[in-house]
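File shown here: protein37.tsv, holding TSV, C-alpha atoms.
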chain	number	residue	atom	x	y	z
A	1497	MET	CA	100.30	134.10	128.75
A	1498	VAL	CA	97.31	135.46	130.64
A	1499	GLY	CA	96.74	134.27	134.23
A	1500	SER	CA	93.89	131.87	135.01
A	1501	GLY	CA	91.79	134.33	137.06
A	1502	ILE	CA	91.64	136.89	134.23
A	1503	LYS	CA	91.01	134.08	131.74
A	1504	ARG	CA	87.92	132.93	133.65
A	1505	GLY	CA	86.48	136.41	133.53
A	1506	THR	CA	87.25	136.96	129.86
A	1507	ALA	CA	86.22	133.50	128.63
A	1508	GLU	CA	82.51	134.31	128.58
A	1509	LEU	CA	83.15	137.54	126.70
A	1510	ALA	CA	85.30	135.63	124.22
A	1511	VAL	CA	82.60	133.01	123.63
A	1512	LEU	CA	79.87	135.60	123.16
A	1513	SER	CA	82.05	137.71	120.84
A	1514	VAL	CA	83.00	134.77	118.63
A	1515	LEU	CA	79.43	133.49	118.45
A	1516	GLN	CA	78.33	136.91	117.27
A	1517	ASP	CA	79.86	136.03	113.88
A	1518	GLY	CA	77.72	132.89	113.56
A	1519	PRO	CA	76.96	129.50	115.14
A	1520	LEU	CA	79.87	127.19	115.97
A	1521	HIS	CA	80.33	123.81	117.63
A	1522	GLY	CA	82.55	123.40	120.68
A	1523	TYR	CA	85.79	122.52	118.92
A	1524	GLU	CA	85.48	125.28	116.30
A	1525	LEU	CA	84.63	127.75	119.02
A	1526	ALA	CA	87.73	126.87	121.06
A	1527	ARG	CA	89.93	126.94	117.97
A	1528	ARG	CA	88.57	130.30	116.78
A	1529	ILE	CA	89.17	131.89	120.20
A	1530	GLU	CA	92.68	130.45	120.37
A	1531	GLN	CA	93.53	131.78	116.89
A	1532	GLN	CA	92.03	135.22	117.45
A	1533	THR	CA	93.85	135.66	120.79
A	1534	ASN	CA	97.16	134.31	119.43
A	1535	GLY	CA	96.99	131.39	121.85
A	1536	ALA	CA	96.46	133.54	124.98
A	1537	LEU	CA	93.06	131.92	125.58
A	1538	ARG	CA	93.24	128.16	125.22
A	1539	PHE	CA	90.49	125.85	126.45
A	1540	THR	CA	90.61	122.34	127.85
A	1541	LEU	CA	87.36	120.35	127.87
A	1542	ALA	CA	86.99	121.09	131.59
A	1543	ALA	CA	87.22	124.82	130.95
A	1544	LEU	CA	85.03	125.01	127.86
A	1545	TYR	CA	82.03	122.72	128.23
A	1546	PRO	CA	80.95	123.49	131.81
A	1547	MET	CA	81.09	127.17	130.81
A	1548	LEU	CA	79.03	126.56	127.64
A	1549	TYR	CA	76.44	124.58	129.64
A	1550	ARG	CA	76.26	127.35	132.23
A	1551	MET	CA	75.86	130.03	129.56
A	1552	GLU	CA	73.15	127.91	127.97
A	1553	GLN	CA	71.32	127.72	131.31
A	1554	GLN	CA	71.59	131.49	131.59
A	1555	ARG	CA	70.04	131.58	128.08
A	1556	TRP	CA	72.90	133.61	126.65
A	1557	ILE	CA	73.56	130.92	124.04
A	1558	ARG	CA	71.49	128.10	122.51
A	1559	GLY	CA	72.76	124.66	121.60
A	1560	SER	CA	71.22	122.42	118.96
A	1561	TRP	CA	72.25	119.12	117.40
A	1562	GLY	CA	73.11	118.83	113.74
A	1563	THR	CA	75.20	116.68	111.42
A	1564	GLY	CA	78.53	117.97	110.15
A	1565	ALA	CA	80.06	117.54	106.67
A	1566	ASN	CA	81.82	114.34	107.77
A	1567	GLY	CA	78.57	112.86	109.06
A	1568	ARG	CA	79.50	113.34	112.70
A	1569	ARG	CA	76.78	114.61	115.02
A	1570	ARG	CA	77.70	117.91	116.61
A	1571	ARG	CA	76.12	120.36	118.93
A	1572	CYS	CA	76.20	123.89	117.52
A	1573	TYR	CA	75.96	126.95	119.74
A	1574	ARG	CA	74.45	130.23	118.62
A	1575	LEU	CA	74.04	133.56	120.36
A	1576	SER	CA	70.55	134.13	121.77
A	1577	PRO	CA	68.84	137.55	121.96
A	1578	ALA	CA	69.65	137.59	125.70
A	1579	GLY	CA	73.31	136.85	124.86
A	1580	LYS	CA	73.39	139.72	122.36
A	1581	LYS	CA	72.02	142.03	125.05
A	1582	LYS	CA	74.62	140.76	127.53
A	1583	LEU	CA	77.52	141.26	125.13
A	1584	ALA	CA	77.35	145.06	124.90
A	1585	PRO	CA	77.58	145.85	128.65
A	1586	LEU	CA	80.17	143.09	129.10
A	1587	ARG	CA	82.35	144.69	126.41
A	1588	ARG	CA	81.96	148.11	128.04
A	1589	GLU	CA	82.93	146.73	131.47
A	1590	TRP	CA	86.06	145.05	130.14
A	1591	ALA	CA	87.02	148.09	128.05
A	1592	GLU	CA	86.69	150.26	131.16
A	1593	LEU	CA	88.81	147.84	133.15
A	1594	PHE	CA	91.56	147.80	130.50
A	1595	ARG	CA	91.51	151.62	130.23
A	1596	ALA	CA	91.82	151.86	134.01
A	1597	LEU	CA	94.72	149.41	134.01
A	1598	ARG	CA	96.46	151.34	131.22
A	1599	ARG	CA	96.10	154.59	133.19
A	1600	LEU	CA	97.39	152.87	136.28
A	1601	THR	CA	100.47	151.47	134.54
A	1602	LYS	CA	101.20	154.84	132.91
A	1603	VAL	CA	101.04	156.55	136.30
A	1604	ALA	CA	103.28	153.87	137.76
A	1605	HIS	CA	105.86	154.42	135.01
A	1606	ALA	CA	105.70	158.23	135.17
I	567	MET	CA	91.75	106.30	114.85
I	568	PRO	CA	91.13	106.00	118.61
I	569	ASP	CA	87.56	105.35	119.71
I	570	TRP	CA	86.94	108.73	121.35
I	571	GLN	CA	83.35	107.88	122.27
I	572	LYS	CA	84.48	104.81	124.19
I	573	LEU	CA	87.24	106.77	125.89
I	574	VAL	CA	84.89	109.53	127.04
I	575	CYS	CA	82.29	107.01	128.28
I	576	ARG	CA	85.00	105.17	130.23
I	577	HIS	CA	86.36	108.27	131.94
I	578	LEU	CA	83.23	110.32	132.48
I	579	SER	CA	80.53	108.85	134.64
I	580	LEU	CA	77.83	111.44	135.24
I	581	PRO	CA	74.97	111.20	137.74
I	582	LEU	CA	72.49	112.45	135.13
I	583	ASP	CA	69.78	110.64	133.19
I	584	ALA	CA	70.92	108.33	130.39
I	585	ALA	CA	69.85	110.56	127.48
I	586	GLU	CA	71.57	113.64	128.89
I	587	THR	CA	74.72	111.65	129.67
I	588	ASP	CA	74.78	110.21	126.13
I	589	GLU	CA	74.51	113.70	124.63
I	590	ILE	CA	77.38	115.01	126.72
I	591	HIS	CA	79.53	111.97	125.88
I	592	ALA	CA	78.78	112.40	122.16
I	593	GLU	CA	79.57	116.11	122.24
I	594	LEU	CA	82.90	115.67	124.04
I	595	ALA	CA	83.86	112.70	121.83
I	596	ALA	CA	83.14	114.80	118.71
I	597	HIS	CA	85.35	117.58	120.09
I	598	LEU	CA	88.24	115.16	120.65
I	599	ALA	CA	87.76	113.55	117.22
I	600	ASP	CA	87.76	117.00	115.54
I	601	ALA	CA	90.90	118.03	117.42
I	602	TYR	CA	92.66	114.77	116.52
I	603	GLU	CA	91.73	114.98	112.82
I	604	SER	CA	92.74	118.63	112.64
I	605	MET	CA	96.19	117.75	114.02
I	606	LEU	CA	96.57	114.94	111.50
I	607	ARG	CA	95.72	117.41	108.72
I	608	GLU	CA	98.46	119.70	110.03
I	609	GLY	CA	100.92	116.84	109.51
I	610	ILE	CA	101.31	115.70	113.10
I	611	ASN	CA	101.80	111.94	113.36
I	612	ASN	CA	99.13	109.65	114.87
I	613	SER	CA	100.69	109.02	118.25
I	614	GLU	CA	101.62	112.67	118.85
I	615	ALA	CA	98.14	113.80	117.73
I	616	ALA	CA	96.54	111.27	120.11
I	617	ARG	CA	98.79	112.45	122.94
I	618	ARG	CA	97.95	116.12	122.35
I	619	THR	CA	94.24	115.35	122.00
I	620	LEU	CA	94.28	113.51	125.32
I	621	GLY	CA	95.95	116.59	126.78
I	622	LEU	CA	92.73	118.52	126.12
I	623	ALA	CA	91.03	116.31	128.68
I	624	LYS	CA	93.86	115.90	131.12
I	625	ASP	CA	91.72	116.06	134.27
I	626	TRP	CA	88.62	113.90	133.83
I	627	GLN	CA	87.64	114.20	137.48
I	628	ASP	CA	87.64	117.98	137.27
I	629	LEU	CA	85.56	117.83	134.09
I	630	GLN	CA	83.13	115.39	135.70
I	631	ARG	CA	82.77	117.54	138.82
I	632	LYS	CA	82.20	120.75	136.85
I	633	ILE	CA	79.67	119.27	134.42
I	634	THR	CA	77.79	117.61	137.28
I	635	LEU	CA	77.74	120.88	139.18
I	636	VAL	CA	76.35	122.82	136.21
I	637	ARG	CA	73.90	120.22	134.93
I	638	SER	CA	72.47	118.86	138.18
I	639	GLY	CA	73.22	121.79	140.47
I	640	LYS	CA	75.00	119.34	142.75
I	641	ASP	CA	78.65	118.65	143.28
I	642	THR	CA	79.89	115.03	142.94
I	643	MET	CA	80.99	115.40	146.53
I	644	THR	CA	77.39	116.10	147.53
I	645	ASN	CA	76.26	113.12	145.49
I	646	ARG	CA	78.78	110.85	147.16
I	647	VAL	CA	77.63	112.07	150.57
I	648	THR	CA	73.94	111.41	149.88
I	649	GLN	CA	74.42	108.21	147.89
I	650	LEU	CA	77.11	106.51	149.95
I	651	TRP	CA	78.29	108.15	153.15
I	652	LEU	CA	74.90	109.02	154.67
I	653	PRO	CA	73.24	105.65	153.90
I	654	GLY	CA	76.44	103.91	155.05
I	655	LEU	CA	76.57	105.88	158.27
I	656	ALA	CA	72.86	105.24	158.87
I	657	THR	CA	73.25	101.45	158.45
I	658	PHE	CA	76.35	101.41	160.61
I	659	LEU	CA	74.66	103.34	163.44
I	660	LEU	CA	71.54	101.21	163.14
I	661	ALA	CA	73.47	97.93	163.20
I	662	THR	CA	75.62	99.08	166.12
I	663	GLY	CA	72.56	100.43	167.97
I	664	ILE	CA	70.67	97.16	167.58
I	665	LEU	CA	73.68	95.20	168.84
I	666	ALA	CA	73.99	97.53	171.84
I	667	LEU	CA	70.26	97.16	172.63
I	668	ILE	CA	70.52	93.37	172.42
I	669	GLN	CA	73.42	93.44	174.88
I	670	ILE	CA	71.60	95.87	177.21
I	671	ALA	CA	68.48	93.66	177.07
I	672	GLY	CA	70.64	90.79	178.26
I	673	LEU	CA	70.00	88.49	175.29
I	674	LYS	CA	72.81	85.97	175.39
I	675	PRO	CA	74.91	85.20	172.33
I	676	TRP	CA	75.65	81.68	171.15
I	677	ILE	CA	79.02	80.62	172.39
I	678	LEU	CA	80.53	78.19	169.91
I	679	GLY	CA	83.62	76.04	170.51
I	680	LYS	CA	83.50	76.39	174.29
I	681	ASN	CA	84.64	72.82	174.89
I	682	SER	CA	87.07	72.49	172.02
I	683	ASP	CA	90.70	73.46	171.58
I	684	LEU	CA	89.69	76.09	169.02
I	685	PRO	CA	89.10	79.72	170.02
I	686	ILE	CA	85.46	80.45	170.85
I	687	ALA	CA	83.03	82.38	168.62
I	688	VAL	CA	80.11	84.46	169.97
I	689	PRO	CA	77.47	85.21	167.34
I	690	TYR	CA	74.51	87.35	168.46
I	691	VAL	CA	71.66	85.49	166.75
I	692	TRP	CA	69.06	88.22	167.25
I	693	TRP	CA	71.42	90.72	165.70
I	694	LEU	CA	71.91	88.50	162.66
I	695	ILE	CA	68.13	88.05	162.37
I	696	LEU	CA	67.56	91.82	162.37
I	697	LEU	CA	70.40	92.73	159.99
I	698	PRO	CA	68.45	92.10	156.72
I	699	LEU	CA	66.28	95.05	157.73
I	700	VAL	CA	69.39	97.24	158.12
I	701	GLY	CA	70.69	96.17	154.70
I	702	ALA	CA	67.30	96.98	153.19
I	703	ILE	CA	67.32	100.48	154.73
I	704	GLY	CA	70.83	101.12	153.38
I	705	VAL	CA	69.75	100.11	149.88
I	706	TYR	CA	66.62	102.23	150.03
I	707	LEU	CA	68.49	105.37	151.18
I	708	SER	CA	71.21	105.03	148.54
I	709	TRP	CA	68.73	104.11	145.78
I	710	ARG	CA	66.50	107.09	146.63
I	711	ALA	CA	69.51	109.42	146.31
I	712	GLY	CA	70.25	107.96	142.85
I	713	GLY	CA	73.24	105.84	143.95
I	714	SER	CA	75.12	103.65	141.47
I	715	HIS	CA	75.19	99.85	141.90
I	716	ARG	CA	78.51	100.16	143.67
I	717	ALA	CA	77.26	102.84	146.08
I	718	ILE	CA	74.16	100.75	146.83
I	719	LEU	CA	76.23	97.62	147.47
I	720	LEU	CA	78.63	99.49	149.75
I	721	SER	CA	75.73	101.08	151.67
I	722	MET	CA	74.31	97.59	152.15
I	723	VAL	CA	77.43	96.08	153.73
I	724	PHE	CA	78.75	99.30	155.29
I	725	PRO	CA	78.24	98.12	158.93
I	726	VAL	CA	80.79	95.31	158.52
I	727	LEU	CA	83.46	97.45	156.82
I	728	PRO	CA	84.87	98.91	160.07
I	729	TYR	CA	85.11	95.37	161.52
I	730	LEU	CA	86.81	94.17	158.33
I	731	ALA	CA	89.27	97.07	158.48
I	732	SER	CA	90.06	96.46	162.13
I	733	ILE	CA	90.56	92.71	161.66
I	734	LEU	CA	92.60	92.94	158.46
I	735	VAL	CA	94.56	96.10	159.16
I	736	VAL	CA	94.40	97.45	162.71
I	737	LEU	CA	94.89	94.17	164.56
I	738	PRO	CA	97.86	92.89	162.52
I	739	VAL	CA	99.53	96.30	162.63
I	740	SER	CA	98.90	96.54	166.38
I	741	LEU	CA	100.41	93.09	166.84
I	742	ILE	CA	103.59	94.34	165.21
I	743	LEU	CA	103.75	97.77	166.84
I	744	ASP	CA	101.98	97.48	170.19
I	745	LYS	CA	103.66	95.48	172.93
I	746	PHE	CA	100.54	95.54	175.13
I	747	ILE	CA	98.44	93.42	172.76
I	748	ALA	CA	98.54	89.70	173.52
I	749	HIS	CA	100.86	88.10	171.02
I	750	ASN	CA	99.38	84.66	171.50
I	751	ILE	CA	96.42	85.57	169.24
I	752	SER	CA	96.26	82.60	166.91
I	753	PRO	CA	95.50	82.78	163.18
I	754	MET	CA	92.41	80.67	163.94
I	755	SER	CA	90.97	83.36	166.20
I	756	LEU	CA	91.51	85.94	163.45
I	757	ILE	CA	89.66	83.69	161.01
I	758	LEU	CA	86.84	83.21	163.52
I	759	ALA	CA	86.65	86.96	164.11
I	760	LEU	CA	86.44	87.48	160.37
I	761	LEU	CA	83.73	84.87	160.14
I	762	GLY	CA	81.74	86.10	163.16
I	763	TRP	CA	82.00	89.87	162.70
I	764	VAL	CA	82.31	90.22	158.93
I	765	LEU	CA	81.08	87.26	156.91
I	766	ALA	CA	78.19	86.21	159.18
I	767	PRO	CA	76.69	89.76	159.42
I	768	ALA	CA	77.45	90.48	155.75
I	769	ALA	CA	75.27	87.56	154.64
I	770	PRO	CA	71.98	88.83	156.18
I	771	LEU	CA	72.84	92.44	155.21
I	772	LEU	CA	73.29	91.32	151.60
I	773	ALA	CA	70.18	89.13	151.72
I	774	GLY	CA	67.94	91.96	152.92
I	775	GLY	CA	69.64	94.50	150.70
I	776	LEU	CA	69.55	92.48	147.49
I	777	ILE	CA	65.88	91.58	147.93
I	778	THR	CA	65.05	95.26	148.46
I	779	GLN	CA	67.18	96.32	145.50
I	780	ARG	CA	65.41	93.80	143.29
I	781	PHE	CA	62.03	95.00	144.50
I	782	LEU	CA	62.94	98.66	143.93
I	783	SER	CA	64.40	98.11	140.46
I	784	ARG	CA	61.35	96.04	139.45
I	785	ARG	CA	59.05	98.77	140.72
I	786	SER	CA	60.96	101.51	138.88
I	787	SER	CA	60.95	99.51	135.63
I	788	LEU	CA	57.19	99.02	136.02
I	789	ASP	CA	56.84	102.77	136.58
I	790	ALA	CA	58.90	103.41	133.43
I	791	VAL	CA	56.69	101.06	131.40
I	792	ALA	CA	53.55	102.67	132.83
I	793	SER	CA	54.77	106.18	131.98
I	794	ARG	CA	55.40	105.35	128.27
How would this structure read if it were set down as structure tokens?
Amino acid sequence: MVGSGIKRGTAELAVLSVLQDGPLHGYELARRIEQQTNGALRFTLAALYPMLYRMEQQRWIRGSWGTGANGRRRRCYRLSPAGKKKLAPLRREWAELFRALRRLTKVAHA
Amino acid sequence: MPDWQKLVCRHLSLPLDAAETDEIHAELAAHLADAYESMLREGINNSEAARRTLGLAKDWQDLQRKITLVRSGKDTMTNRVTQLWLPGLATFLLATGILALIQIAGLKPWILGKNSDLPIAVPYVWWLILLPLVGAIGVYLSWRAGGSHRAILLSMVFPVLPYLASILVVLPVSLILDKFIAHNISPMSLILALLGWVLAPAAPLLAGGLITQRFLSRRSSLDAVASR
């Protein structure tokens, strides 16, 4: 299980990455991230929605209301052009961090 | 199926406008309903699915604080300070200041029950006359900061709360623990203290406050009608 500090930093990357495949509502988004990370990233309401609202304010994602197949009203989030731009450098930063950590652990084990 | 909308509305009170609050409630309720239905589809029984769904929202206060912080840019703590504690402190200082000025000016209180066997009561009439103004100021300050009905009511009667606490809690506890306090204080004098320092001032505070609240809510509803 990943610690909460790392989770906070990776959560935004996870949301942006998953939304790159298409618009999703909050529950689907949380479920998709949980499945794709084998349960390492799991969201409560208090972790997910304030983050989505913040990302919406930053204009990285856009939310719009629609009606689902079961007639329930849902708010769907999609990646905005600003979010797409944000995703690439964010991925690079995290990849660099993980490479650095791998090097560090290799040195430590050597 | 549990009424998720009702549950979210009950647990999540947000200091945002009604439309925005409704949207957030609807979104969170839809999330919980989806989670619950998905668990039922996976073969989990009703009660276990409900329990696990509730686990997604285990800390409502945290959720409320975070959403408020993001959506209004203010923490609930900041809201509570501006809507309750500051108006309350202002009314308390004002009421205490007026009472102190009355005493410094040498205006005598009424002394009731001087010639009877009952303990005496000393109401400061000028203080009671001026207290509606204090209640009105408390209401205005809390209302302006977007206070709820409860915050407005508490700001209105805030000056009597320390007296109430001292009469109901501090004095009885002191009587038990402190050997220097006179133990011949009769229940009647406690009742008179409650009447003179809590109920009597609370009445004009409420009178001034409620009139002001009515005036302000009528004015804001007129503004709302005018802006349509």
Per-residue nearest contacts chain I to chain A, cut-off 6 Å, using only C-alpha atoms, as CSV:
residue,atom,partner,partner_atom,distance
I:His597,CA,A:Tyr1523,CA,5.1
I:Leu622,CA,A:Thr1540,CA,4.7
I:Ala623,CA,A:Leu1541,CA,5.5
I:Leu629,CA,A:Ala1542,CA,4.4
I:Lys632,CA,A:Pro1546,CA,5.9
I:Ile633,CA,A:Pro1546,CA,5.1
How big is the axis-aligned box around the listed atoms of stretch 703-722 of chain I once 4 Å is added on each side, and where is its centre? Give both in Å to one decimal, as JSON.
{"center_x": 72.6, "center_y": 103.5, "center_z": 148.1, "size_x": 20.1, "size_y": 19.8, "size_z": 21.3}
Tell me which protein, DNA and RNA residues are within 12 Å of I:Ser638, counting all atoms listed in the file, leaving out same-chain ones fewer than 2 positions away, and put them as an mmCIF file with C-alpha atoms, in the frame of the given file.
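out10.cif was written with the following content:
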data_model
loop_
_atom_site.group_PDB
_atom_site.id
_atom_site.type_symbol
_atom_site.label_atom_id
_atom_site.label_comp_id
_atom_site.auth_asym_id
_atom_site.auth_seq_id
_atom_site.Cartn_x
_atom_site.Cartn_y
_atom_site.Cartn_z
ATOM 1 C CA PRO A 1546 80.950 123.490 131.810
ATOM 2 C CA TYR A 1549 76.440 124.580 129.640
ATOM 3 C CA ARG A 1550 76.260 127.350 132.230
ATOM 4 C CA GLN A 1553 71.320 127.720 131.310
ATOM 5 C CA LEU I 580 77.830 111.440 135.240
ATOM 6 C CA PRO I 581 74.970 111.200 137.740
ATOM 7 C CA LEU I 582 72.490 112.450 135.130
ATOM 8 C CA ASP I 583 69.780 110.640 133.190
ATOM 9 C CA GLU I 586 71.570 113.640 128.890
ATOM 10 C CA THR I 587 74.720 111.650 129.670
ATOM 11 C CA GLN I 630 83.130 115.390 135.700
ATOM 12 C CA ARG I 631 82.770 117.540 138.820
ATOM 13 C CA LYS I 632 82.200 120.750 136.850
ATOM 14 C CA ILE I 633 79.670 119.270 134.420
ATOM 15 C CA THR I 634 77.790 117.610 137.280
ATOM 16 C CA LEU I 635 77.740 120.880 139.180
ATOM 17 C CA VAL I 636 76.350 122.820 136.210
ATOM 18 C CA LYS I 640 75.000 119.340 142.750
ATOM 19 C CA ASP I 641 78.650 118.650 143.280
ATOM 20 C CA THR I 642 79.890 115.030 142.940
ATOM 21 C CA THR I 644 77.390 116.100 147.530
ATOM 22 C CA ASN I 645 76.260 113.120 145.490
#
Distance criterion (all atoms listed in the file): nearest to A:Val1511 out of A:Tyr1573, A:Arg1555, A:Gly1567, A:Leu1593: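 Smallest separation from A:Val1511 among the options: A:Tyr1573.
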Gap from atom CA of I:Ser755 to atom CA of I:Leu772 - Å, one decimal: 24.3 Å
Which residue of A:Pro1577, A:Ala1584, A:Glu1589, A:Gly1564 approaches A:Ser1513 most closely, using all atoms listed in the file: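 The answer is A:Ala1584, which sits nearest to A:Ser1513.
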Straight-line distance linking atom CA of I:Leu707 with atom CA of I:Leu730, stated in Å to one decimal: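 Spanning atom CA of I:Leu707 to atom CA of I:Leu730 is a straight-line distance of 22.6 Å.
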Nearest to A:Leu1509, chosen from A:Leu1575, A:Gln1554, A:Ile1529, A:Arg1587, with all atoms listed in the file counted in the distances: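 Using all atoms listed in the file, A:Leu1509 sits closest to A:Arg1587.
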Distance of atom CA of I:Val647 from atom CA of I:Met722, expressed in Å to one decimal place: 14.9 Å
Top pick for closest residue to A:Gly1559, considering I:Arg784, I:Glu593, I:Ile703, I:Lys572 and counting all atoms listed in the file: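 Ranked by minimum distance to A:Gly1559, first place goes to I:Glu593.
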Missing atoms of stretch 1572-1585 of chain A rebuilt to N, CA and C atoms, written as a PDB file, in the frame of the given file:
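What landed in result-v7.pdb:
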ATOM      1  N   CYS A1572      75.800 122.538 117.904  1.00  0.00           N
ATOM      2  CA  CYS A1572      76.200 123.890 117.520  1.00  0.00           C
ATOM      3  C   CYS A1572      75.617 124.911 118.494  1.00  0.00           C
ATOM      4  N   TYR A1573      76.414 125.895 118.824  1.00  0.00           N
ATOM      5  CA  TYR A1573      75.960 126.950 119.740  1.00  0.00           C
ATOM      6  C   TYR A1573      75.774 128.245 118.958  1.00  0.00           C
ATOM      7  N   ARG A1574      74.685 128.926 119.254  1.00  0.00           N
ATOM      8  CA  ARG A1574      74.450 130.230 118.620  1.00  0.00           C
ATOM      9  C   ARG A1574      74.092 131.238 119.714  1.00  0.00           C
ATOM     10  N   LEU A1575      74.323 132.490 119.401  1.00  0.00           N
ATOM     11  CA  LEU A1575      74.040 133.560 120.360  1.00  0.00           C
ATOM     12  C   LEU A1575      72.524 133.777 120.423  1.00  0.00           C
ATOM     13  N   SER A1576      71.995 133.885 121.624  1.00  0.00           N
ATOM     14  CA  SER A1576      70.550 134.130 121.770  1.00  0.00           C
ATOM     15  C   SER A1576      70.325 135.645 121.883  1.00  0.00           C
ATOM     16  N   PRO A1577      69.090 136.106 121.770  1.00  0.00           N
ATOM     17  CA  PRO A1577      68.840 137.550 121.960  1.00  0.00           C
ATOM     18  C   PRO A1577      69.337 138.036 123.323  1.00  0.00           C
ATOM     19  N   ALA A1578      69.172 137.197 124.357  1.00  0.00           N
ATOM     20  CA  ALA A1578      69.650 137.590 125.700  1.00  0.00           C
ATOM     21  C   ALA A1578      71.176 137.707 125.701  1.00  0.00           C
ATOM     22  N   GLY A1579      71.844 136.809 124.964  1.00  0.00           N
ATOM     23  CA  GLY A1579      73.310 136.850 124.860  1.00  0.00           C
ATOM     24  C   GLY A1579      73.769 138.108 124.157  1.00  0.00           C
ATOM     25  N   LYS A1580      73.032 138.483 123.085  1.00  0.00           N
ATOM     26  CA  LYS A1580      73.390 139.720 122.360  1.00  0.00           C
ATOM     27  C   LYS A1580      73.278 140.924 123.278  1.00  0.00           C
ATOM     28  N   LYS A1581      72.209 140.921 124.103  1.00  0.00           N
ATOM     29  CA  LYS A1581      72.020 142.030 125.050  1.00  0.00           C
ATOM     30  C   LYS A1581      73.135 142.069 126.075  1.00  0.00           C
ATOM     31  N   LYS A1582      73.588 140.873 126.492  1.00  0.00           N
ATOM     32  CA  LYS A1582      74.620 140.760 127.530  1.00  0.00           C
ATOM     33  C   LYS A1582      75.978 141.231 127.019  1.00  0.00           C
ATOM     34  N   LEU A1583      76.202 141.004 125.714  1.00  0.00           N
ATOM     35  CA  LEU A1583      77.520 141.260 125.130  1.00  0.00           C
ATOM     36  C   LEU A1583      77.927 142.740 125.220  1.00  0.00           C
ATOM     37  N   ALA A1584      77.000 143.630 124.927  1.00  0.00           N
ATOM     38  CA  ALA A1584      77.350 145.060 124.900  1.00  0.00           C
ATOM     39  C   ALA A1584      77.841 145.559 126.267  1.00  0.00           C
ATOM     40  N   PRO A1585      77.066 145.357 127.364  1.00  0.00           N
ATOM     41  CA  PRO A1585      77.580 145.850 128.650  1.00  0.00           C
ATOM     42  C   PRO A1585      78.858 145.146 129.097  1.00  0.00           C
TER      43      PRO A1585
END
